[in-house]
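Engineer: Below is the file target_0.cif, with mmCIF, N, CA and C atoms and all ligand atoms.
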data_upload
loop_
_atom_site.label_atom_id
_atom_site.label_comp_id
_atom_site.auth_asym_id
_atom_site.auth_seq_id
_atom_site.Cartn_x
_atom_site.Cartn_y
_atom_site.Cartn_z
N MET A 1048 0.84 -1.20 0.00
CA MET A 1048 0.00 0.00 0.00
C MET A 1048 0.88 1.25 0.00
N HIS A 1049 0.48 2.20 -0.83
CA HIS A 1049 1.26 3.44 -0.90
C HIS A 1049 0.61 4.52 -0.05
N ILE A 1050 1.43 5.18 0.70
CA ILE A 1050 0.96 6.32 1.50
C ILE A 1050 1.37 7.59 0.76
N ILE A 1051 0.36 8.38 0.41
CA ILE A 1051 0.65 9.62 -0.30
C ILE A 1051 0.70 10.75 0.72
N ARG A 1052 1.87 11.35 0.80
CA ARG A 1052 2.03 12.47 1.73
C ARG A 1052 2.08 13.76 0.94
N PHE A 1053 1.19 14.66 1.28
CA PHE A 1053 1.21 15.96 0.64
C PHE A 1053 1.97 16.94 1.52
N SER A 1054 2.95 17.54 0.94
CA SER A 1054 3.72 18.54 1.66
C SER A 1054 4.02 19.65 0.68
N ILE A 1055 3.73 20.87 1.07
CA ILE A 1055 3.97 22.01 0.19
C ILE A 1055 5.45 22.09 -0.18
N LEU A 1056 6.32 21.65 0.76
CA LEU A 1056 7.76 21.70 0.49
C LEU A 1056 8.15 20.76 -0.64
N LYS A 1057 7.37 19.65 -0.79
CA LYS A 1057 7.70 18.69 -1.84
C LYS A 1057 6.91 18.95 -3.11
N LEU A 1058 5.75 19.61 -2.98
CA LEU A 1058 4.94 19.88 -4.16
C LEU A 1058 5.58 20.94 -5.05
N VAL A 1059 6.28 21.89 -4.42
CA VAL A 1059 6.90 22.96 -5.18
C VAL A 1059 8.26 22.49 -5.68
N ASN A 1060 8.54 22.70 -6.96
CA ASN A 1060 9.89 22.46 -7.46
C ASN A 1060 10.66 23.76 -7.23
N TRP A 1061 11.41 23.80 -6.11
CA TRP A 1061 12.07 25.05 -5.70
C TRP A 1061 13.12 25.50 -6.70
N ASP A 1062 13.76 24.57 -7.39
CA ASP A 1062 14.77 24.98 -8.36
C ASP A 1062 14.13 25.63 -9.58
N LYS A 1063 12.96 25.08 -10.03
CA LYS A 1063 12.26 25.73 -11.15
C LYS A 1063 11.75 27.10 -10.72
N PHE A 1064 11.16 27.15 -9.53
CA PHE A 1064 10.65 28.41 -9.01
C PHE A 1064 11.78 29.43 -8.87
N GLY A 1065 12.91 28.98 -8.31
CA GLY A 1065 14.06 29.87 -8.13
C GLY A 1065 14.60 30.38 -9.45
N ASN A 1066 14.66 29.50 -10.44
CA ASN A 1066 15.11 29.94 -11.76
C ASN A 1066 14.15 30.95 -12.36
N PHE A 1067 12.84 30.71 -12.19
CA PHE A 1067 11.83 31.62 -12.72
C PHE A 1067 11.98 33.01 -12.10
N VAL A 1068 12.09 33.06 -10.76
CA VAL A 1068 12.20 34.37 -10.09
C VAL A 1068 13.54 35.03 -10.43
N SER A 1069 14.61 34.24 -10.56
CA SER A 1069 15.91 34.81 -10.94
C SER A 1069 15.84 35.42 -12.34
N MET A 1070 15.07 34.75 -13.24
CA MET A 1070 14.89 35.30 -14.59
C MET A 1070 14.12 36.62 -14.52
N LEU A 1071 13.09 36.67 -13.64
CA LEU A 1071 12.35 37.93 -13.45
C LEU A 1071 13.30 39.04 -13.02
N CYS A 1072 14.23 38.71 -12.12
CA CYS A 1072 15.23 39.66 -11.64
C CYS A 1072 16.07 40.17 -12.80
N LEU A 1073 16.55 39.24 -13.63
CA LEU A 1073 17.38 39.62 -14.78
C LEU A 1073 16.60 40.52 -15.73
N ILE A 1074 15.34 40.14 -16.02
CA ILE A 1074 14.51 40.94 -16.92
C ILE A 1074 14.29 42.32 -16.32
N HIS A 1075 14.01 42.33 -15.00
CA HIS A 1075 13.78 43.60 -14.32
C HIS A 1075 14.99 44.53 -14.46
N CYS A 1076 16.18 43.95 -14.33
CA CYS A 1076 17.39 44.80 -14.32
C CYS A 1076 17.91 45.10 -15.72
N THR A 1077 17.57 44.30 -16.72
CA THR A 1077 18.15 44.52 -18.05
C THR A 1077 17.14 45.07 -19.06
N VAL A 1078 15.97 44.45 -19.15
CA VAL A 1078 15.02 44.81 -20.21
C VAL A 1078 14.14 45.99 -19.82
N LEU A 1079 13.65 45.98 -18.55
CA LEU A 1079 12.70 47.02 -18.13
C LEU A 1079 13.23 48.45 -18.24
N PRO A 1080 14.49 48.71 -17.84
CA PRO A 1080 14.96 50.09 -17.98
C PRO A 1080 14.91 50.58 -19.43
N LEU A 1081 15.11 49.67 -20.39
CA LEU A 1081 15.04 50.04 -21.80
C LEU A 1081 13.59 50.28 -22.21
N LEU A 1082 12.68 49.33 -21.80
CA LEU A 1082 11.26 49.47 -22.14
C LEU A 1082 10.65 50.72 -21.51
N ALA A 1083 11.14 51.06 -20.31
CA ALA A 1083 10.57 52.19 -19.58
C ALA A 1083 10.80 53.51 -20.30
N MET A 1084 11.74 53.53 -21.25
CA MET A 1084 11.97 54.75 -22.01
C MET A 1084 10.81 55.03 -22.96
N VAL A 1085 10.09 53.95 -23.37
CA VAL A 1085 8.99 54.14 -24.32
C VAL A 1085 7.62 53.83 -23.72
N LEU A 1086 7.58 53.05 -22.61
CA LEU A 1086 6.30 52.68 -22.00
C LEU A 1086 6.24 53.18 -20.55
N PRO A 1087 5.03 53.41 -20.04
CA PRO A 1087 4.91 53.87 -18.64
C PRO A 1087 5.06 52.70 -17.65
N LEU A 1088 6.29 52.30 -17.40
CA LEU A 1088 6.55 51.12 -16.55
C LEU A 1088 7.24 51.51 -15.26
N SER A 1089 7.21 52.78 -14.91
CA SER A 1089 8.04 53.22 -13.78
C SER A 1089 7.71 52.50 -12.48
N VAL A 1090 6.45 51.99 -12.34
CA VAL A 1090 6.08 51.30 -11.10
C VAL A 1090 6.95 50.06 -10.90
N PHE A 1091 7.36 49.39 -12.00
CA PHE A 1091 8.18 48.18 -11.88
C PHE A 1091 9.65 48.51 -11.64
N LEU A 1092 10.00 49.79 -11.85
CA LEU A 1092 11.39 50.18 -11.64
C LEU A 1092 11.63 50.63 -10.20
N ASP A 1093 10.56 50.64 -9.40
CA ASP A 1093 10.68 50.98 -8.00
C ASP A 1093 11.72 50.07 -7.34
N GLU A 1094 12.56 50.64 -6.46
CA GLU A 1094 13.64 49.85 -5.86
C GLU A 1094 13.13 48.76 -4.93
N SER A 1095 11.88 48.90 -4.43
CA SER A 1095 11.35 47.86 -3.54
C SER A 1095 11.11 46.55 -4.28
N VAL A 1096 11.09 46.59 -5.62
CA VAL A 1096 10.92 45.36 -6.41
C VAL A 1096 12.01 44.36 -6.04
N HIS A 1097 13.24 44.84 -5.81
CA HIS A 1097 14.34 43.92 -5.46
C HIS A 1097 14.10 43.26 -4.11
N VAL A 1098 13.47 43.99 -3.18
CA VAL A 1098 13.14 43.40 -1.88
C VAL A 1098 12.13 42.27 -2.08
N TRP A 1099 11.09 42.52 -2.90
CA TRP A 1099 10.05 41.50 -3.14
C TRP A 1099 10.63 40.30 -3.88
N LEU A 1100 11.50 40.56 -4.84
CA LEU A 1100 12.13 39.44 -5.56
C LEU A 1100 13.00 38.63 -4.60
N PHE A 1101 13.71 39.33 -3.69
CA PHE A 1101 14.57 38.62 -2.73
C PHE A 1101 13.72 37.74 -1.81
N ILE A 1102 12.55 38.27 -1.39
CA ILE A 1102 11.66 37.49 -0.50
C ILE A 1102 11.19 36.22 -1.21
N ALA A 1103 11.01 36.27 -2.53
CA ALA A 1103 10.62 35.08 -3.30
C ALA A 1103 11.82 34.16 -3.53
N LEU A 1104 13.01 34.76 -3.70
CA LEU A 1104 14.21 33.96 -3.99
C LEU A 1104 14.71 33.20 -2.76
N LEU A 1105 14.51 33.79 -1.58
CA LEU A 1105 15.07 33.21 -0.36
C LEU A 1105 14.57 31.78 -0.09
N PRO A 1106 13.23 31.53 -0.02
CA PRO A 1106 12.79 30.15 0.24
C PRO A 1106 13.18 29.21 -0.89
N ALA A 1107 13.18 29.71 -2.14
CA ALA A 1107 13.55 28.85 -3.28
C ALA A 1107 14.98 28.36 -3.10
N ALA A 1108 15.90 29.27 -2.72
CA ALA A 1108 17.31 28.89 -2.57
C ALA A 1108 17.49 27.97 -1.35
N ILE A 1109 16.82 28.30 -0.23
CA ILE A 1109 16.99 27.50 0.99
C ILE A 1109 16.43 26.09 0.78
N PHE A 1110 15.16 26.00 0.34
CA PHE A 1110 14.54 24.67 0.19
C PHE A 1110 15.16 23.90 -0.97
N GLY A 1111 15.54 24.63 -2.05
CA GLY A 1111 16.19 23.97 -3.18
C GLY A 1111 17.53 23.38 -2.75
N ALA A 1112 18.34 24.17 -2.02
CA ALA A 1112 19.65 23.70 -1.57
C ALA A 1112 19.49 22.54 -0.58
N TRP A 1113 18.52 22.67 0.32
CA TRP A 1113 18.32 21.65 1.35
C TRP A 1113 17.88 20.32 0.73
N SER A 1114 16.86 20.37 -0.15
CA SER A 1114 16.39 19.11 -0.72
C SER A 1114 17.42 18.55 -1.70
N GLY A 1115 18.16 19.43 -2.38
CA GLY A 1115 19.21 18.97 -3.28
C GLY A 1115 20.32 18.26 -2.51
N TRP A 1116 20.73 18.88 -1.41
CA TRP A 1116 21.79 18.30 -0.57
C TRP A 1116 21.38 16.92 -0.09
N ARG A 1117 20.10 16.75 0.28
CA ARG A 1117 19.62 15.45 0.76
C ARG A 1117 19.64 14.41 -0.36
N HIS A 1118 19.45 14.87 -1.61
CA HIS A 1118 19.43 13.92 -2.72
C HIS A 1118 20.83 13.55 -3.21
N HIS A 1119 21.64 14.58 -3.46
CA HIS A 1119 22.92 14.29 -4.12
C HIS A 1119 24.14 14.53 -3.23
N GLY A 1120 23.98 15.26 -2.12
CA GLY A 1120 25.07 15.45 -1.18
C GLY A 1120 26.23 16.30 -1.69
N ASP A 1121 26.00 17.05 -2.77
CA ASP A 1121 27.05 17.90 -3.34
C ASP A 1121 26.84 19.35 -2.87
N GLY A 1122 27.89 19.96 -2.35
CA GLY A 1122 27.76 21.29 -1.79
C GLY A 1122 27.86 22.43 -2.79
N LYS A 1123 28.24 22.13 -4.06
CA LYS A 1123 28.46 23.22 -5.02
C LYS A 1123 27.20 24.06 -5.28
N PRO A 1124 26.00 23.43 -5.48
CA PRO A 1124 24.82 24.27 -5.69
C PRO A 1124 24.54 25.20 -4.51
N SER A 1125 24.75 24.70 -3.28
CA SER A 1125 24.51 25.53 -2.10
C SER A 1125 25.44 26.74 -2.08
N LEU A 1126 26.70 26.55 -2.48
CA LEU A 1126 27.66 27.66 -2.51
C LEU A 1126 27.23 28.71 -3.53
N LEU A 1127 26.83 28.24 -4.74
CA LEU A 1127 26.37 29.16 -5.78
C LEU A 1127 25.13 29.92 -5.32
N LEU A 1128 24.18 29.19 -4.71
CA LEU A 1128 22.95 29.82 -4.25
C LEU A 1128 23.22 30.83 -3.13
N ALA A 1129 24.13 30.48 -2.20
CA ALA A 1129 24.46 31.40 -1.11
C ALA A 1129 25.12 32.67 -1.65
N ALA A 1130 26.03 32.51 -2.61
CA ALA A 1130 26.70 33.68 -3.20
C ALA A 1130 25.69 34.55 -3.94
N GLY A 1131 24.79 33.92 -4.69
CA GLY A 1131 23.76 34.67 -5.42
C GLY A 1131 22.84 35.41 -4.48
N LEU A 1132 22.41 34.73 -3.41
CA LEU A 1132 21.54 35.38 -2.42
C LEU A 1132 22.24 36.56 -1.76
N ALA A 1133 23.54 36.40 -1.45
CA ALA A 1133 24.29 37.48 -0.80
C ALA A 1133 24.32 38.71 -1.70
N LEU A 1134 24.53 38.50 -3.01
CA LEU A 1134 24.60 39.64 -3.94
C LEU A 1134 23.22 40.30 -4.10
N VAL A 1135 22.19 39.47 -4.39
CA VAL A 1135 20.85 40.04 -4.60
C VAL A 1135 20.35 40.68 -3.31
N GLY A 1136 20.65 40.04 -2.16
CA GLY A 1136 20.23 40.59 -0.88
C GLY A 1136 20.91 41.91 -0.56
N SER A 1137 22.20 42.01 -0.86
CA SER A 1137 22.88 43.28 -0.56
C SER A 1137 22.36 44.39 -1.48
N ALA A 1138 22.03 44.03 -2.74
CA ALA A 1138 21.44 45.03 -3.64
C ALA A 1138 20.07 45.47 -3.14
N ALA A 1139 19.33 44.55 -2.54
CA ALA A 1139 17.98 44.86 -2.10
C ALA A 1139 17.98 45.68 -0.81
N PHE A 1140 18.93 45.41 0.10
CA PHE A 1140 18.82 45.99 1.45
C PHE A 1140 19.90 47.02 1.79
N LEU A 1141 21.03 47.02 1.08
CA LEU A 1141 22.06 48.01 1.41
C LEU A 1141 21.82 49.27 0.59
N PRO A 1142 22.09 50.43 1.19
CA PRO A 1142 21.91 51.67 0.42
C PRO A 1142 22.96 51.77 -0.69
N MET A 1143 22.48 51.86 -1.93
CA MET A 1143 23.40 52.04 -3.07
C MET A 1143 22.63 52.67 -4.22
N SER A 1144 23.36 53.20 -5.19
CA SER A 1144 22.71 53.84 -6.33
C SER A 1144 21.99 52.79 -7.17
N THR A 1145 21.04 53.23 -8.00
CA THR A 1145 20.29 52.29 -8.84
C THR A 1145 21.24 51.55 -9.78
N ALA A 1146 22.24 52.27 -10.32
CA ALA A 1146 23.19 51.62 -11.23
C ALA A 1146 23.97 50.53 -10.51
N ALA A 1147 24.41 50.81 -9.26
CA ALA A 1147 25.15 49.82 -8.48
C ALA A 1147 24.24 48.64 -8.15
N GLU A 1148 22.97 48.93 -7.82
CA GLU A 1148 22.00 47.88 -7.50
C GLU A 1148 21.86 46.91 -8.67
N ILE A 1149 21.74 47.47 -9.88
CA ILE A 1149 21.61 46.64 -11.08
C ILE A 1149 22.90 45.86 -11.32
N ALA A 1150 24.05 46.53 -11.13
CA ALA A 1150 25.35 45.89 -11.37
C ALA A 1150 25.60 44.73 -10.40
N VAL A 1151 25.00 44.78 -9.21
CA VAL A 1151 25.18 43.70 -8.22
C VAL A 1151 24.11 42.62 -8.42
N THR A 1152 22.88 43.04 -8.80
CA THR A 1152 21.78 42.08 -8.93
C THR A 1152 21.98 41.14 -10.12
N ILE A 1153 22.51 41.64 -11.24
CA ILE A 1153 22.65 40.80 -12.44
C ILE A 1153 23.58 39.60 -12.18
N PRO A 1154 24.82 39.80 -11.65
CA PRO A 1154 25.63 38.60 -11.36
C PRO A 1154 25.01 37.74 -10.27
N GLY A 1155 24.30 38.35 -9.31
CA GLY A 1155 23.62 37.58 -8.27
C GLY A 1155 22.56 36.66 -8.86
N SER A 1156 21.75 37.20 -9.79
CA SER A 1156 20.72 36.39 -10.44
C SER A 1156 21.34 35.27 -11.27
N LEU A 1157 22.45 35.58 -11.95
CA LEU A 1157 23.13 34.55 -12.77
C LEU A 1157 23.67 33.43 -11.87
N LEU A 1158 24.22 33.79 -10.69
CA LEU A 1158 24.70 32.77 -9.76
C LEU A 1158 23.55 31.90 -9.26
N LEU A 1159 22.39 32.53 -8.99
CA LEU A 1159 21.22 31.77 -8.52
C LEU A 1159 20.74 30.81 -9.61
N ILE A 1160 20.69 31.29 -10.86
CA ILE A 1160 20.27 30.43 -11.96
C ILE A 1160 21.25 29.26 -12.12
N ALA A 1161 22.57 29.57 -12.02
CA ALA A 1161 23.58 28.50 -12.12
C ALA A 1161 23.41 27.50 -10.99
N GLY A 1162 23.16 27.99 -9.77
CA GLY A 1162 22.99 27.10 -8.61
C GLY A 1162 21.77 26.21 -8.74
N HIS A 1163 20.62 26.79 -9.13
CA HIS A 1163 19.39 25.99 -9.28
C HIS A 1163 19.52 25.01 -10.44
N THR A 1164 20.15 25.43 -11.53
CA THR A 1164 20.31 24.55 -12.68
C THR A 1164 21.21 23.37 -12.34
N LEU A 1165 22.35 23.66 -11.67
CA LEU A 1165 23.26 22.59 -11.25
C LEU A 1165 22.55 21.64 -10.28
N ASN A 1166 21.77 22.22 -9.36
CA ASN A 1166 21.03 21.41 -8.38
C ASN A 1166 20.07 20.45 -9.07
N ARG A 1167 19.35 20.95 -10.09
CA ARG A 1167 18.39 20.10 -10.81
C ARG A 1167 19.12 18.98 -11.55
N ARG A 1168 20.27 19.33 -12.17
CA ARG A 1168 21.03 18.29 -12.90
C ARG A 1168 21.53 17.23 -11.94
N LEU A 1169 22.08 17.65 -10.78
CA LEU A 1169 22.61 16.68 -9.81
C LEU A 1169 21.48 15.82 -9.25
N ASN A 1170 20.31 16.44 -9.03
CA ASN A 1170 19.14 15.67 -8.56
C ASN A 1170 18.78 14.60 -9.58
N LEU A 1171 18.75 15.01 -10.85
CA LEU A 1171 18.39 14.09 -11.93
C LEU A 1171 19.38 12.93 -11.99
N ILE A 1172 20.69 13.26 -11.91
CA ILE A 1172 21.73 12.22 -11.97
C ILE A 1172 21.58 11.26 -10.79
N SER A 1173 21.30 11.81 -9.58
CA SER A 1173 21.19 10.93 -8.41
C SER A 1173 19.93 10.06 -8.51
N HIS A 1174 18.85 10.59 -9.15
CA HIS A 1174 17.64 9.77 -9.34
C HIS A 1174 17.92 8.63 -10.31
N ILE A 1175 18.63 8.95 -11.40
CA ILE A 1175 18.95 7.91 -12.40
C ILE A 1175 19.85 6.86 -11.76
N ALA A 1176 20.86 7.33 -10.99
CA ALA A 1176 21.78 6.39 -10.33
C ALA A 1176 21.03 5.53 -9.32
N GLY A 1177 20.03 6.14 -8.62
CA GLY A 1177 19.26 5.41 -7.62
C GLY A 1177 18.34 4.38 -8.23
N ALA A 1178 17.87 4.65 -9.48
CA ALA A 1178 16.92 3.75 -10.13
C ALA A 1178 17.63 2.56 -10.75
N ARG A 1179 18.96 2.68 -10.96
CA ARG A 1179 19.73 1.62 -11.60
C ARG A 1179 19.89 0.44 -10.63
N PRO A 1180 19.75 -0.79 -11.11
CA PRO A 1180 19.95 -1.93 -10.22
C PRO A 1180 21.39 -1.98 -9.73
N ALA A 1181 21.57 -2.33 -8.48
CA ALA A 1181 22.91 -2.37 -7.89
C ALA A 1181 23.77 -3.43 -8.57
N ASN A 1182 25.05 -3.13 -8.73
CA ASN A 1182 25.99 -4.11 -9.30
C ASN A 1182 26.26 -5.22 -8.30
N PRO A 1183 26.38 -6.45 -8.78
CA PRO A 1183 26.64 -7.57 -7.86
C PRO A 1183 28.05 -7.49 -7.26
ZN ZN A 1201 16.24 44.68 -10.97
#
Could you write out this structure as structure tokens?
Ligand SMILES: [Zn+2]
Structural biologist:
Amino acid sequence: MHIIRFSILKLVNWDKFGNFVSMLCLIHCTVLPLLAMVLPLSVFLDESVHVWLFIALLPAAIFGAWSGWRHHGDGKPSLLLAAGLALVGSAAFLPMSTAAEIAVTIPGSLLLIAGHTLNRRLNLISHIAGARPANP
């Protein structure tokens, strides 16, 4: 008999979610300033957007790193995610110019995307390795 356990922590694919929000961050910092020259998008250029994006990125990185570590035991995704969070977080909460905020957020988002992508690949590899019959 199978017991189905529903847990919000397991229902959400934190690496996909983290990659999605990191992409929003990149779009916010690269495409929107250009679009805002021709469209009335100034509300999205508000600096508090980085705080909201960070609040979405934080659980994705923590739960993604935690569940990844439990699956594959490799610390590299956690290091990438921690470095990305540190950059995006400092851009969101430390006083700095808008240009500096963008210059810090873009590499932070790229590190987060690299961390979540590596985490997903390592998860996939460990699932395939786990499904393989053991060698005699
Ligand atoms: Zn931004």
Engineer: What are the closest atom pairs, with distances in Å to one decimal, for each residue of stretch 1097-1177 of chain A lying within 6.5 Å of stretch 1058-1075 of chain A, using all atoms listed in the file, rows by chain and rising residue number, as a tab-separated table?
Structural biologist:
residue	atom	partner	partner_atom	distance
A:Leu1104	CA	A:Gly1065	CA	5.8
A:Pro1106	C	A:Trp1061	CA	6.5
A:Ala1107	CA	A:Trp1061	CA	4.7
A:Ala1108	N	A:Gly1065	CA	5.7
A:Phe1110	C	A:Trp1061	CA	5.8
A:Gly1111	CA	A:Asp1062	N	4.9
A:Ile1153	CA	A:Leu1073	CA	5.9
A:Ser1156	CA	A:Ser1069	CA	5.1
A:Leu1159	C	A:Asn1066	CA	6.1
A:Ile1160	CA	A:Asn1066	CA	5.2
A:His1163	CA	A:Asp1062	CA	4.8
A:Thr1164	N	A:Asp1062	CA	6.3
A:Arg1167	N	A:Asp1062	CA	6.3
Engineer: Work out how far atom C of A:Val1135 is from atom N of A:Val1151, in Å to one decimal.
Structural biologist: 8.6 Å
Engineer: With all atoms listed in the file as the atoms that count, which of A:Ile1149, A:Ile1102, A:Ala1130, A:Gly1115 lies nearest to ligand ZN 1201 (chain A)?
Structural biologist: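 Closest to ligand ZN 1201 (chain A) of all the choices is A:Ile1149.
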Engineer: Mind checking which residues fall within 8 Å of A:Pro1124, counting only C-alpha atoms, ignoring those fewer than 2 positions away in the same chain, and posting them as a compact mmCIF listing (two decimals) with N, CA and C atoms, keeping the file's coordinate frame?
Structural biologist:
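Written file, result_19.txt:
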# COMPACT_ATOMS: atom_id res chain seq x y z
N ALA A 1112 18.34 24.17 -2.02
CA ALA A 1112 19.65 23.70 -1.57
C ALA A 1112 19.49 22.54 -0.58
N ASP A 1121 26.00 17.05 -2.77
CA ASP A 1121 27.05 17.90 -3.34
C ASP A 1121 26.84 19.35 -2.87
N GLY A 1122 27.89 19.96 -2.35
CA GLY A 1122 27.76 21.29 -1.79
C GLY A 1122 27.86 22.43 -2.79
N LEU A 1126 26.70 26.55 -2.48
CA LEU A 1126 27.66 27.66 -2.51
C LEU A 1126 27.23 28.71 -3.53
N LEU A 1127 26.83 28.24 -4.74
CA LEU A 1127 26.37 29.16 -5.78
C LEU A 1127 25.13 29.92 -5.32
N LEU A 1128 24.18 29.19 -4.71
CA LEU A 1128 22.95 29.82 -4.25
C LEU A 1128 23.22 30.83 -3.13
N ALA A 1161 22.57 29.57 -12.02
CA ALA A 1161 23.58 28.50 -12.12
C ALA A 1161 23.41 27.50 -10.99
N GLY A 1162 23.16 27.99 -9.77
CA GLY A 1162 22.99 27.10 -8.61
C GLY A 1162 21.77 26.21 -8.74
N HIS A 1163 20.62 26.79 -9.13
CA HIS A 1163 19.39 25.99 -9.28
C HIS A 1163 19.52 25.01 -10.44
N LEU A 1165 22.35 23.66 -11.67
CA LEU A 1165 23.26 22.59 -11.25
C LEU A 1165 22.55 21.64 -10.28
N ASN A 1166 21.77 22.22 -9.36
CA ASN A 1166 21.03 21.41 -8.38
C ASN A 1166 20.07 20.45 -9.07
Engineer: Can you measure atom N of A:Thr1152 to atom N of A:Met1084 for me? One decimal in Å is fine.
Structural biologist: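 Taking atom N of A:Thr1152 and atom N of A:Met1084, their separation equals 19.7 Å.
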Engineer: As a PyMOL selection string, which residues of chain A does DSSP assign to alpha helix (DSSP H)?
Structural biologist: chain A and resi 1055-1058+1061-1077+1079-1082+1095-1119+1123-1140+1145-1178
Engineer: Which residue out of A:Ser1114, A:Thr1145, A:Ser1137, A:Ser1125 has the minimum interatomic distance to ligand ZN 1201 (chain A) when only C-alpha atoms and all ligand atoms are used?
Structural biologist: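 The shortest atom-to-atom distance to ligand ZN 1201 (chain A) comes from A:Thr1145.
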Engineer: Rounded to one decimal, what separation in Å do you get between atom CA of A:Ala1133 and atom N of A:Trp1113?
Structural biologist: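 Atom-to-atom, atom CA of A:Ala1133 and atom N of A:Trp1113 are spaced 15.9 Å apart.
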Engineer: Find the residue from A:Lys1123, A:Val1098, A:Leu1132, A:Phe1140 that sits nearest to ligand ZN 1201 (chain A); use only C-alpha atoms and all ligand atoms when measuring.
Structural biologist: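 Looking at the shortest contact to ligand ZN 1201 (chain A), the residue is A:Val1098.
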